[in-house]
Structure formats: C-alpha cells, structure tokens
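K.L.:
Next comes run_1.cif, mmCIF, C-alpha atoms:
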data_input
#
loop_
_atom_site.label_atom_id
_atom_site.label_comp_id
_atom_site.auth_asym_id
_atom_site.auth_seq_id
_atom_site.Cartn_x
_atom_site.Cartn_y
_atom_site.Cartn_z
CA MET A 1 -43.84 24.46 -94.52
CA GLY A 2 -41.00 26.93 -94.07
CA ALA A 3 -38.46 24.22 -94.98
CA ALA A 4 -40.20 23.36 -98.25
CA SER A 5 -38.83 24.87 -101.47
CA ASP A 6 -40.84 23.09 -104.15
CA GLY A 7 -44.03 24.94 -105.12
CA THR A 8 -46.11 21.76 -105.43
CA GLU A 9 -44.97 20.56 -102.01
CA ILE A 10 -45.76 23.95 -100.44
CA VAL A 11 -49.30 23.84 -101.86
CA LYS A 12 -49.77 20.28 -100.60
CA LEU A 13 -48.47 21.14 -97.13
CA SER A 14 -50.64 24.26 -97.01
CA LYS A 15 -53.75 22.19 -97.74
CA GLU A 16 -52.73 19.64 -95.10
CA HIS A 17 -52.14 22.42 -92.59
CA ALA A 18 -55.54 23.94 -93.37
CA GLU A 19 -57.20 20.59 -92.67
CA ILE A 20 -55.27 19.82 -89.47
CA LYS A 21 -55.35 23.28 -87.84
CA PRO A 22 -59.12 23.34 -87.06
CA VAL A 23 -58.78 19.93 -85.37
CA ALA A 24 -55.77 21.04 -83.32
CA ASP A 25 -57.47 24.33 -82.36
CA ALA A 26 -60.65 22.51 -81.30
CA VAL A 27 -58.73 19.98 -79.17
CA LEU A 28 -56.74 22.79 -77.50
CA ALA A 29 -59.98 24.68 -76.82
CA LEU A 30 -61.46 21.55 -75.23
CA GLU A 31 -58.37 21.05 -73.06
CA ARG A 32 -58.49 24.72 -71.95
CA ALA A 33 -62.19 24.44 -71.15
CA ARG A 34 -61.66 21.30 -69.08
CA GLY A 35 -58.79 22.95 -67.21
CA GLU A 36 -60.85 26.09 -66.62
CA LEU A 37 -63.76 23.95 -65.39
CA ALA A 38 -61.52 22.29 -62.80
CA ASP A 39 -60.15 25.67 -61.65
CA LEU A 40 -63.64 27.19 -61.34
CA LYS A 41 -64.86 24.21 -59.31
CA GLU A 42 -61.94 24.63 -56.92
CA MET A 43 -62.62 28.37 -56.61
CA ALA A 44 -66.34 27.73 -56.05
CA GLU A 45 -65.43 25.55 -53.05
CA GLY A 46 -63.08 28.19 -51.57
CA ASP A 47 -63.48 30.29 -48.42
CA ASP A 48 -64.09 33.66 -50.14
CA ALA A 49 -67.90 33.75 -50.40
CA ASP A 50 -68.09 36.46 -53.10
CA MET A 51 -65.41 34.81 -55.23
CA ALA A 52 -67.01 31.40 -54.71
CA ALA A 53 -70.40 32.66 -55.85
CA MET A 54 -68.93 34.23 -58.98
CA ALA A 55 -66.89 31.11 -59.76
CA ASN A 56 -69.92 28.92 -59.20
CA ASP A 57 -71.94 30.89 -61.79
CA GLU A 58 -69.11 30.69 -64.33
CA TYR A 59 -68.63 26.99 -63.58
CA HIS A 60 -72.25 26.12 -64.37
CA ALA A 61 -72.28 28.32 -67.48
CA LEU A 62 -69.15 26.61 -68.82
CA LYS A 63 -70.45 23.17 -67.85
CA GLU A 64 -73.56 23.82 -69.98
CA ARG A 65 -71.33 24.69 -72.95
CA MET A 66 -69.09 21.64 -72.60
CA PRO A 67 -71.30 19.23 -74.63
CA ASP A 68 -71.18 21.65 -77.59
CA ILE A 69 -67.39 21.99 -77.31
CA GLU A 70 -66.99 18.20 -77.12
CA ARG A 71 -69.37 17.73 -80.06
CA ASP A 72 -67.30 20.13 -82.19
CA VAL A 73 -64.20 18.04 -81.52
CA ALA A 74 -66.06 14.77 -82.17
CA LEU A 75 -67.33 16.07 -85.53
CA LEU A 76 -63.82 17.03 -86.58
CA LEU A 77 -62.52 13.60 -85.57
CA ALA A 78 -65.42 11.67 -87.13
CA PRO A 79 -64.88 9.94 -90.50
CA ARG A 80 -65.22 12.58 -93.19
CA ASP A 81 -65.18 12.78 -96.94
CA ALA A 82 -61.62 13.05 -98.21
CA ASP A 83 -62.86 15.37 -100.98
CA GLU A 84 -64.76 17.73 -98.67
CA ASN A 85 -62.68 20.77 -99.62
CA ALA A 86 -62.38 20.00 -103.33
CA SER A 87 -63.73 22.00 -106.24
CA ALA A 88 -66.44 20.20 -108.20
CA ILE A 89 -67.79 19.41 -111.64
CA LEU A 90 -71.51 20.13 -111.97
CA GLU A 91 -73.53 18.22 -114.55
CA VAL A 92 -77.19 19.07 -115.17
CA ARG A 93 -79.21 17.07 -117.71
CA ALA A 94 -82.83 17.33 -118.81
CA GLY A 95 -84.80 14.20 -117.94
CA THR A 96 -88.41 13.31 -118.62
CA GLY A 97 -90.59 16.18 -119.79
CA GLY A 98 -89.24 17.29 -123.17
CA ASP A 99 -88.80 21.05 -123.62
CA GLU A 100 -90.06 21.75 -120.09
CA ALA A 101 -87.35 19.46 -118.67
CA ALA A 102 -84.70 21.41 -120.59
CA LEU A 103 -86.09 24.69 -119.25
CA PHE A 104 -86.00 23.29 -115.71
CA ALA A 105 -82.40 22.12 -116.23
CA GLY A 106 -81.62 25.73 -117.15
CA ASP A 107 -83.33 26.96 -113.98
CA LEU A 108 -81.29 24.54 -111.86
CA PHE A 109 -78.02 25.58 -113.47
CA ARG A 110 -78.90 29.24 -112.88
CA MET A 111 -79.69 28.42 -109.22
CA TYR A 112 -76.30 26.78 -108.67
CA SER A 113 -74.49 29.54 -110.56
CA ARG A 114 -76.07 32.24 -108.41
CA TYR A 115 -75.38 30.24 -105.26
CA ALA A 116 -71.74 29.90 -106.31
CA THR A 117 -71.52 33.67 -106.74
CA THR A 118 -72.81 34.27 -103.20
CA ARG A 119 -69.99 32.07 -101.87
CA GLY A 120 -67.27 33.60 -104.02
CA TRP A 121 -66.80 30.51 -106.19
CA ARG A 122 -65.94 30.64 -109.90
CA VAL A 123 -68.18 28.89 -112.45
CA GLU A 124 -66.68 27.90 -115.80
CA VAL A 125 -68.84 26.16 -118.42
CA ASP A 126 -67.11 23.14 -119.98
CA SER A 127 -69.81 21.85 -122.34
CA VAL A 128 -73.36 22.83 -123.23
CA SER A 129 -76.18 21.48 -125.37
CA GLU A 130 -79.07 23.93 -125.54
CA GLY A 131 -82.75 23.02 -125.61
CA GLU A 132 -84.96 23.84 -128.59
CA MET A 133 -87.17 26.18 -126.51
CA GLY A 134 -84.42 27.37 -124.16
CA GLY A 135 -82.69 25.90 -121.17
CA TYR A 136 -80.31 22.98 -121.60
CA LYS A 137 -80.46 19.39 -122.69
CA GLU A 138 -77.13 19.10 -120.91
CA ILE A 139 -74.68 21.52 -119.34
CA ILE A 140 -71.40 20.71 -117.61
CA ALA A 141 -69.40 23.25 -115.61
CA THR A 142 -66.48 23.36 -113.21
CA ILE A 143 -67.10 25.22 -109.95
CA THR A 144 -63.82 26.27 -108.38
CA GLY A 145 -63.45 27.27 -104.76
CA ASP A 146 -62.79 26.03 -101.27
CA GLY A 147 -65.27 23.43 -100.02
CA VAL A 148 -67.44 23.32 -103.16
CA PHE A 149 -67.85 19.54 -103.20
CA GLY A 150 -68.51 19.38 -99.47
CA ARG A 151 -71.47 21.75 -99.77
CA LEU A 152 -72.91 20.54 -103.07
CA LYS A 153 -72.35 16.77 -102.98
CA PHE A 154 -75.84 16.04 -101.67
CA GLU A 155 -77.37 17.74 -104.73
CA SER A 156 -76.68 14.66 -106.85
CA GLY A 157 -79.84 12.89 -107.95
CA VAL A 158 -83.14 13.47 -109.73
CA HIS A 159 -84.80 16.86 -109.22
CA ARG A 160 -88.51 16.98 -110.05
CA VAL A 161 -90.54 20.08 -110.91
CA GLN A 162 -94.31 20.55 -110.86
CA ARG A 163 -95.54 23.68 -112.63
CA VAL A 164 -97.57 25.03 -115.54
CA PRO A 165 -95.25 25.31 -118.56
CA ASP A 166 -95.34 28.48 -120.67
CA THR A 167 -96.36 26.30 -123.61
CA GLU A 168 -99.42 24.92 -121.76
CA ALA A 169 -102.53 26.70 -123.09
CA GLN A 170 -105.02 25.15 -120.65
CA GLY A 171 -103.09 25.85 -117.47
CA ARG A 172 -102.46 22.24 -116.54
CA ILE A 173 -99.66 21.37 -114.16
CA HIS A 174 -96.92 19.23 -115.70
CA THR A 175 -94.29 17.15 -113.93
CA SER A 176 -90.79 17.13 -115.40
CA ALA A 177 -87.36 16.16 -114.14
CA ALA A 178 -83.67 16.89 -114.48
CA THR A 179 -80.68 15.03 -113.12
CA VAL A 180 -77.82 16.64 -111.24
CA ALA A 181 -74.40 15.10 -110.67
CA ILE A 182 -71.68 16.62 -108.49
CA LEU A 183 -68.20 15.16 -108.95
CA PRO A 184 -65.08 16.18 -107.00
CA VAL A 185 -62.25 17.67 -109.03
CA VAL A 186 -59.31 15.33 -108.56
CA GLU A 187 -55.90 16.91 -108.26
CA ASP A 188 -53.63 14.87 -106.01
CA VAL A 189 -55.28 11.51 -106.76
CA ASP A 190 -53.32 9.37 -109.19
CA ILE A 191 -55.76 8.30 -111.92
CA VAL A 192 -53.81 6.48 -114.65
CA ILE A 193 -55.32 6.75 -118.13
CA ASN A 194 -53.53 4.81 -120.85
CA ASP A 195 -53.45 6.43 -124.29
CA ALA A 196 -54.48 3.09 -125.83
CA ASP A 197 -57.69 3.15 -123.75
CA ILE A 198 -59.05 6.44 -125.07
CA ARG A 199 -60.32 7.76 -128.40
CA ILE A 200 -60.21 11.51 -128.99
CA ASP A 201 -62.53 13.04 -131.60
CA THR A 202 -62.86 16.67 -132.64
CA TYR A 203 -66.04 18.18 -134.03
CA ARG A 204 -67.92 21.42 -134.44
CA SER A 205 -69.99 22.41 -131.43
CA SER A 206 -73.62 23.23 -132.17
CA GLY A 207 -76.22 25.35 -130.43
CA ALA A 208 -80.01 25.15 -130.41
CA GLY A 209 -81.54 24.26 -133.77
CA GLY A 210 -78.25 22.90 -135.10
CA GLN A 211 -76.68 26.32 -135.63
CA HIS A 212 -72.88 26.04 -135.59
CA VAL A 213 -71.29 28.05 -132.84
CA ASN A 214 -67.74 27.45 -134.07
CA LYS A 215 -66.62 27.27 -137.70
CA THR A 216 -63.65 25.05 -136.84
CA ASP A 217 -63.51 21.58 -135.30
CA SER A 218 -62.51 22.84 -131.85
CA ALA A 219 -64.87 20.80 -129.65
CA VAL A 220 -63.38 17.64 -128.16
CA ARG A 221 -64.97 14.30 -127.30
CA ILE A 222 -62.97 11.69 -125.37
CA THR A 223 -64.21 8.11 -125.11
CA HIS A 224 -62.74 5.85 -122.44
CA MET A 225 -63.15 2.41 -124.02
CA PRO A 226 -62.78 0.16 -120.92
CA SER A 227 -65.52 1.98 -118.97
CA GLY A 228 -67.60 3.38 -121.83
CA ILE A 229 -67.41 6.87 -120.27
CA VAL A 230 -67.69 9.74 -122.78
CA VAL A 231 -66.75 13.33 -121.93
CA THR A 232 -66.92 16.47 -124.06
CA SER A 233 -65.81 20.07 -123.96
CA SER A 234 -66.99 22.57 -126.53
CA GLU A 235 -65.45 25.96 -125.84
CA LYS A 236 -63.44 27.93 -128.43
CA SER A 237 -59.93 26.57 -127.81
CA GLN A 238 -59.25 22.96 -128.85
CA HIS A 239 -56.21 22.84 -126.55
CA GLU A 240 -58.29 24.03 -123.59
CA ASN A 241 -61.07 21.62 -124.52
CA ARG A 242 -58.64 18.69 -124.41
CA ARG A 243 -57.44 19.76 -120.97
CA LYS A 244 -60.99 20.15 -119.63
CA ALA A 245 -62.20 16.89 -121.16
CA MET A 246 -59.28 14.95 -119.64
CA ALA A 247 -59.93 16.57 -116.25
CA ASN A 248 -63.60 15.60 -116.49
CA LEU A 249 -62.68 12.04 -117.50
CA LYS A 250 -60.42 11.71 -114.45
CA ALA A 251 -63.20 13.04 -112.26
CA LYS A 252 -65.68 10.51 -113.66
CA LEU A 253 -63.28 7.59 -113.23
CA TYR A 254 -62.54 8.71 -109.68
CA ASP A 255 -66.27 9.13 -108.99
CA THR A 256 -66.84 5.54 -110.16
CA GLN A 257 -64.36 4.41 -107.50
CA ARG A 258 -66.09 6.61 -104.90
CA GLN A 259 -69.51 5.15 -105.71
CA ALA A 260 -68.17 1.61 -105.42
CA LEU A 261 -66.83 2.45 -101.94
CA ASP A 262 -70.11 4.13 -100.98
CA ASN A 263 -72.06 1.06 -102.05
CA ALA A 264 -69.75 -1.15 -100.00
CA ARG A 265 -70.25 1.06 -96.94
CA SER A 266 -74.02 1.35 -97.36
CA ASP A 267 -74.61 -2.12 -95.89
CA ALA A 268 -72.80 -1.08 -92.73
CA ARG A 269 -74.35 2.40 -92.38
CA LYS A 270 -77.53 3.55 -94.09
CA SER A 271 -77.34 7.31 -94.52
CA GLN A 272 -80.41 9.13 -95.77
CA VAL A 273 -78.37 11.72 -97.61
CA GLY A 274 -75.12 10.00 -98.52
CA SER A 275 -76.10 7.31 -101.00
CA GLY A 276 -74.88 9.22 -104.06
CA ASP A 277 -77.39 7.34 -106.22
CA ARG A 278 -77.74 9.38 -109.42
CA SER A 279 -81.15 7.80 -110.17
CA GLU A 280 -82.69 8.61 -106.78
CA ARG A 281 -85.47 11.23 -106.74
CA ILE A 282 -84.21 13.56 -104.07
CA ARG A 283 -86.24 16.77 -104.34
CA THR A 284 -89.49 18.23 -105.69
CA TYR A 285 -90.05 21.87 -106.63
CA ASN A 286 -93.79 22.63 -106.58
CA TYR A 287 -94.37 26.05 -108.14
CA PRO A 288 -98.16 26.42 -107.55
CA GLN A 289 -97.61 26.02 -103.79
CA GLY A 290 -94.18 27.68 -103.68
CA ARG A 291 -92.92 24.53 -102.00
CA VAL A 292 -89.58 22.70 -102.04
CA SER A 293 -89.47 19.20 -100.54
CA ASP A 294 -86.33 17.14 -99.97
CA HIS A 295 -87.50 13.54 -99.71
CA ARG A 296 -84.40 12.15 -98.00
CA ILE A 297 -84.89 14.02 -94.72
CA ASN A 298 -88.59 14.89 -95.05
CA LEU A 299 -87.77 18.60 -95.30
CA THR A 300 -90.44 20.96 -96.64
CA LEU A 301 -89.85 24.67 -97.22
CA TYR A 302 -92.15 27.34 -98.63
CA ASN A 303 -89.55 29.74 -100.02
CA LEU A 304 -89.18 28.30 -103.54
CA PRO A 305 -88.50 31.65 -105.32
CA LYS A 306 -85.55 32.48 -103.06
CA ILE A 307 -84.18 28.93 -103.33
CA MET A 308 -84.35 29.06 -107.14
CA GLU A 309 -82.50 32.39 -107.02
CA GLY A 310 -79.73 30.65 -105.07
CA GLU A 311 -79.96 33.02 -102.11
CA ALA A 312 -81.82 30.53 -99.88
CA LEU A 313 -80.27 27.27 -101.12
CA ASP A 314 -78.46 26.99 -97.79
CA ASP A 315 -81.88 26.44 -96.19
CA VAL A 316 -81.86 23.07 -97.95
CA ILE A 317 -78.14 22.29 -97.87
CA ASN A 318 -77.52 22.99 -94.16
CA PRO A 319 -80.08 20.42 -92.87
CA LEU A 320 -78.61 17.82 -95.24
CA ILE A 321 -75.12 18.48 -93.91
CA ALA A 322 -76.43 18.33 -90.32
CA GLU A 323 -78.06 14.96 -91.04
CA ASP A 324 -74.80 13.65 -92.46
CA GLN A 325 -72.87 14.94 -89.45
CA ALA A 326 -75.26 13.13 -87.13
CA ALA A 327 -74.70 9.92 -89.10
CA ARG A 328 -70.93 10.35 -88.87
CA LEU A 329 -71.15 10.90 -85.12
CA ALA A 330 -73.26 7.76 -84.83
CA THR A 331 -70.58 5.86 -86.74
CA LEU A 332 -67.91 7.19 -84.38
CA GLU A 333 -69.96 6.13 -81.34
CA ASP A 334 -70.51 2.67 -82.80
CA GLU A 335 -66.79 2.24 -83.37
CA PHE A 336 -65.48 3.62 -80.10
CA GLY A 337 -68.49 3.48 -77.78
#
Rewrite the coordinates I just gave you, this time as structure tokens.
P.N.:
Amino acid sequence: MGAASDGTEIVKLSKEHAEIKPVADAVLALERARGELADLKEMAEGDDADMAAMANDEYHALKERMPDIERDVALLLAPRDADENASAILEVRAGTGGDEAALFAGDLFRMYSRYATTRGWRVEVDSVSEGEMGGYKEIIATITGDGVFGRLKFESGVHRVQRVPDTEAQGRIHTSAATVAILPVVEDVDIVINDADIRIDTYRSSGAGGQHVNKTDSAVRITHMPSGIVVTSSEKSQHENRRKAMANLKAKLYDTQRQALDNARSDARKSQVGSGDRSERIRTYNYPQGRVSDHRINLTLYNLPKIMEGEALDDVINPLIAEDQAARLATLEDEFG
C-alpha cells in the first residue's frame, strides 16, 4: 500500500488488506498454538517434576482450546459472501393488511434505523411513500457502514405481525405483513447500464393524502427497460436523486445476478437462512404474547419490545449468522474432507 499513489487504488488495497489480515493473523495464531503445544508436551515429559507438572496443566488447557482456534481459521477460509463488508440498501414495503401493514412497515424501518445507530452506521432515506394512517407504503434507504450487508442480509423476506390495530374497536387480533429486501451497495463491481436501456422521468414527490412535498419536479424515476426494474428517489435535489436512483438501479441489477447464483447453488447446498427468497415468510412478531419467531431456524424469543427498539435485534441476527457459518463449514468439509 505504501507504493500506491492513486487514491482509488489505495482505498482498494486498504479494503483487501482489511479482508486478508484477519485470515493471516488467525493462521499465525494457529501455527503458534501448535508450536507451543509441541513445546509443552516435550516439557511435560522432562525430568524436572515441578516444571513437568506445570507444563502438563498448560498442555491440556491449550489442547482443549485447539478445536476453537482451528474452527476460527476454518470459518475464515470457508466460502463467504463477497459482499459481506458492503453497505446496503434497505427496502421496506407494506404487504397484506392495508393501513396496519403500512404502520408495521414503519415499525420495521424504525427498528432497523435504531439498530443501525447502535452500530454506528449512517441511514439515509432515498425514497418514501407514506401510508394514509401513518407508517409507510414503501421506504427505501441506504445504510452506510462496515459490514452492513453481512449482518442484515438474512432480514430479506416477508415479516408477519399479529396484533390488535389501533383502529380495531372490538380488540380483535389482525395479521398483516411487510416485505424487507436488503441489497448490497455495489462499488467495485462493473455493472454496465446503456443509456438507450433506461428512461428517466422527473415528477413531484407526494406525501400522505397526496400533499406535495416539493413544488418542483425534483423526484426522479428511472426505468430499466430490459429488466423492467423501476427505481425512484424523491429527496430535494434532482441531481442527488439521479445519483441515488442510478446507484439503486445498479444494486438491483447486481442483486438479480446474485439471486441467480444463489438459486444455482441451492441444489448443491440447502441453507435454511441463505435462500434470499423475497417471498419467503421468515419471521412472525406476535404482540399479545411478546414473541418473535424466526421460522427458518425455529428460533423463538420473548423479548419483542426490545427487538422492535433495535437494541435486541442481535438476539435474532446472531443465531442466523451462526447457522450460516455452520453451513459454510459443512460445505468446506464436503469439498476437502
């Protein structure tokens, strides 16, 4: 890196170094542990009784830790998502359930926003369509930070809520749903978009009830004709909206490629958490019982309020990541025995 002079190259090399260093450190730690194990065994078999007893204790203690050290190395060497450390685009849309679904979409977005804050990530809203009674029909935001996609990628899918809506006079429990999509922000990937393949429209962004937020046509809609993908951005600056919309379009086109690869791999390795199917019902939030259930790994937690506040979302995310790590280790064992 010290020989590089170009800023872009320095950034690229820095990212590469950040990815390689943990692997190198883990391998060196394993080599040191193995060397230390051999030395302790030799000392434990020596003539000095006191030294041998001490070495023997340390030998067995280190030997017990060796599987964990080896597992750490194996995890780092196992096939991993190339976009693990990327920032991400978060899309939350109201599904079945009318106004209650929009309110739930708002609750989900608030949960992810608060979770992002706890991790020091930045959340920037790209496009929003508000619900009539509050919440969102659709909201799209970019979450910037290190490792955002790696931690949030398993949130993609259908989230279901069971609760008594504020509008329900008789206290009946309703079931509504919202969909969440997490897309990696593509920076170094070369996604070619021909000008002839896109149509760019400008319009006035509107809030709930059709009230115009902007008095000028600053919102941008880009349609990618070959794929039918439509992206929007509706902040105040038309120039910034064009930039955000193009970034989101690239992310969607890249995500289409990712999903095609995931589908191709799924026949070889069935992962409970890695399907990426946007239509899959992945989680239920049951308010009367204070329960959150993730259906992919049969996880049930009774801390719904803290999860919805974002402060306990790791209680759901960490087991999903652990399940994926186990699947990756299984893949490594299948390949190399």
K.L.:
Using all atoms listed in the file, which protein or nucleic acid residues come within 12 Å of Met43 of chain A? Drop anything in the same chain fewer than 5 positions from it, and give the result as a list of chain:residue names.
P.N.:
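Here the answer would be A:Glu36, A:Leu37, A:Ala38, A:Asp48, A:Ala49, A:Asp50, A:Met51, A:Ala52, A:Ala53, A:Met54, A:Ala55, A:Asn56, A:Asp57, A:Glu58, A:Tyr59.
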K.L.:
Just so the selection is clear, what residues does the PyMOL selection byres ((chain A and resi 101) around 9) cover here, as an NGL selection string?
P.N.:
:A and (93-100 or 102-106 or 135-137 or 161 or 175-178)
K.L.:
Using all atoms listed in the file, what does the table of segment 124-204 of chain A residues within 7 Å of segment 285-309 of chain A look like, with each row giving the shortest atom pair and its distance in Å to one decimal, sorted by chain and ascending number, as a tab-separated table?
P.N.:
residue	atom	partner	partner_atom	distance
A:Arg160	CA	A:Tyr285	CA	6.2
A:Val161	CA	A:Tyr285	CA	4.7
A:Gln162	CA	A:Asn286	CA	4.8
A:Arg163	CA	A:Tyr287	CA	5.2
K.L.:
Kindly give the distance, in Å, that separates atom CA of Lys250 of chain A and atom CA of Ala196 of chain A, rounded to a single decimal.
P.N.:
15.5 Å
K.L.:
Run the PyMOL selection byres ((chain A and resi 69) around 12) mentally over the shown coordinates, then write out the matched residues as an NGL selection string, using the chain letters and numbers from the document.
P.N.:
:A and (23 or 25-34 or 62-68 or 70-76)
K.L.:
Could you please determine the separation between atom CA of Glu124 of chain A and atom CA of Asn85 of chain A in Å, to one decimal place?
P.N.:
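Going from atom CA of Glu124 of chain A over to atom CA of Asn85 of chain A, I get 18.1 Å.
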K.L.:
To one decimal place in Å, what is the distance between atom CA of Thr284 of chain A and atom CA of Arg110 of chain A?
P.N.:
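Atom CA of Thr284 of chain A sits 16.9 Å away from atom CA of Arg110 of chain A.
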K.L.:
What are the nearest atom pairs, with distances in Å to one decimal, for all residues of segment 141-251 of chain A that come at most 10 Å from segment 312-329 of chain A, using all atoms listed in the file, set out by chain and rising residue number as CSV?
P.N.:
residue,atom,partner,partner_atom,distance
A:Gly150,CA,A:Ile321,CA,8.7
A:Arg151,CA,A:Ile317,CA,7.0
A:Leu152,CA,A:Ile317,CA,7.6
A:Lys153,CA,A:Ile317,CA,9.5
A:Phe154,CA,A:Leu320,CA,7.2
A:Glu155,CA,A:Ile317,CA,8.3
K.L.:
Applying 8 Å and all atoms listed in the file, which residues near Tyr112 of chain A remain after dropping the ones on its own chain fewer than 4 positions away? List them as a PyMOL selection string.
P.N.:
chain A and resi 108+116+310
K.L.:
Restricting the output to C-alpha atoms, write the selected residues as a short mmCIF file (atom, residue, chain, number, x, y, z; two decimals), in the frame of the given file.
P.N.:
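Result file out.cif:
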data_model
loop_
_atom_site.label_atom_id
_atom_site.label_comp_id
_atom_site.auth_asym_id
_atom_site.auth_seq_id
_atom_site.Cartn_x
_atom_site.Cartn_y
_atom_site.Cartn_z
CA LEU A 108 -81.29 24.54 -111.86
CA ALA A 116 -71.74 29.90 -106.31
CA GLY A 310 -79.73 30.65 -105.07
#
K.L.:
As a ChimeraX atom specification, please: the residues near Pro226 of chain A (cut-off 12 Å, all atoms listed in the file, same-chain neighbours under 5 positions excluded).
P.N.:
/A:193-199,253
K.L.:
Please identify all polymer residues lying at most 12 Å from the point (-60.0, 26.1, -123.1) (file coordinates), using only C-alpha atoms, and present the result as a ChimeraX atom specification.
P.N.:
/A:124-127,218-220,232-247
K.L.:
On this structure, the PyMOL selection byres ((chain A and resi 145) around 9) would catch which residues? List them as a list in words, sorted by chain and number.
P.N.:
Asn85, Ala86, Ser87, Ala88, Ala116, Arg119, Gly120, Trp121, Arg122, Ile143, Thr144, Asp146, Gly147 and Val148 of chain A
K.L.:
Identify, on the basis of only C-alpha atoms, every residue whose closest approach to Val180 of chain A does not exceed 8 Å; exclude the query and any residue fewer than 4 positions from it along the same chain; express the result as a ChimeraX atom specification.
P.N.:
/A:90-93,155-159,278
K.L.:
From the list A:Ala61, A:Ala181, A:Val186, A:Ile139, which residue is nearest Asp107 of chain A when using all atoms listed in the file?
P.N.:
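Ranked by minimum distance to Asp107 of chain A, first place goes to A:Ile139.
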K.L.:
Here is a test: counting all atoms listed in the file, which residue of A:Met133, A:Leu13, A:Ile191, A:Met225 is nearest to Asp255 of chain A?
P.N.:
A:Ile191
